[in-house]
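Some notes on the structure that comes next.
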Amino acid sequence: MSTNGGVMNLEYYPIRGRGPQGDKFQLARIIDEQGNMYKGQYDQAIHFGSEAELKTYLSDMLNLSESELSIKKMNL
């Protein structure tokens with residue numbers, strides 16, 4: 001696992017327009033600095049209302065504190 005000063009950096013790709021009002025998103029893909037994509041390790045059916053919710057979910061999934069994780073949306 002690559003860390004930068006104790007922080008793991010992940011990029012994520014959201015699928016927008018989810019939830020009853022279309023204001024939530026699903027996680028389509030995540031990738032770390034080493035190119036690991038964590039396929040099968042996260043639930044693609046979960047709808048998130050904010051990046052903060054996503055960060056909480058990912059830090060729990062990776063067994064890291066939120067301060068040890070940095071996330072940003074992919075630029076595709």
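The way I read the labels, and the way they are meant: chains A, B, ... in the order of the structure tokens, residue 1 as the first residue of every chain, and ligand 1 as the first ligand shown, with later ones counted on from there.
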Spatial neighbours of Leu10 (chain A), 10 Å, only C-alpha atoms, chain gap at least 6 places, as a VMD selection string: chain A and resid 2 30 to 37 55 58 69 to 74
Go through region 15-49 of chain A and collect every residue that DSSP, computed from the backbone, puts in strand (DSSP E); the answer should be as a compact mmCIF listing (two decimals) with C-alpha atoms, in the first residue's frame.
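See result_30.txt below for the written result:
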```txt
# COMPACT_ATOMS: atom_id res chain seq x y z
CA ILE A 15 -21.82 7.38 -11.27
CA ARG A 16 -24.04 10.40 -10.67
CA GLY A 17 -27.83 10.74 -10.69
CA ARG A 18 -28.58 7.96 -8.20
CA LYS A 24 -26.59 10.71 -4.87
CA PHE A 25 -23.79 8.80 -6.58
CA GLN A 26 -22.41 5.29 -6.72
CA LEU A 27 -18.77 4.31 -6.72
CA ALA A 28 -17.81 3.04 -10.18
CA ARG A 29 -14.06 2.73 -9.66
CA ILE A 30 -11.31 3.53 -7.18
CA ILE A 31 -7.59 3.42 -7.80
CA ASP A 32 -4.55 4.14 -5.64
```
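For the pair CA of Asn63 (chain A) and CA of Glu51 (chain A), the interatomic distance is 17.8 Å.
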Distance in Å - CA of Gln21 (chain A) versus CA of Gln41 (chain A):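 Spanning CA of Gln21 (chain A) to CA of Gln41 (chain A) is a straight-line distance of 27.1 Å.
The list of residues with at least one atom within 10 Å of Val7 (chain A), based on only C-alpha atoms and without residues fewer than 6 positions apart in the same chain, reads Leu64, Ser65, Glu66, Ser67, Glu68, Leu69 and Ser70 of chain A.
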Compare A:His47, A:Ser59, A:Leu76, A:Leu54 by their minimum atom-to-atom distance to Pro20 (chain A), counting only C-alpha atoms, and give me the closest one. A:His47
Taking only C-alpha atoms into account, which of A:Leu62, A:Pro14, A:Tyr38, A:Asn9 comes nearest Ser50 (chain A)?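 Among the listed residues, A:Pro14 lies closest to Ser50 (chain A).
The set of residues in chain A assigned to helix (DSSP H, G or I) by DSSP, using only backbone atoms of this structure, is Glu51, Ala52, Glu53, Leu54, Lys55, Thr56, Tyr57, Leu58, Ser59, Asp60, Met61, Glu66, Ser67 and Glu68 of chain A.
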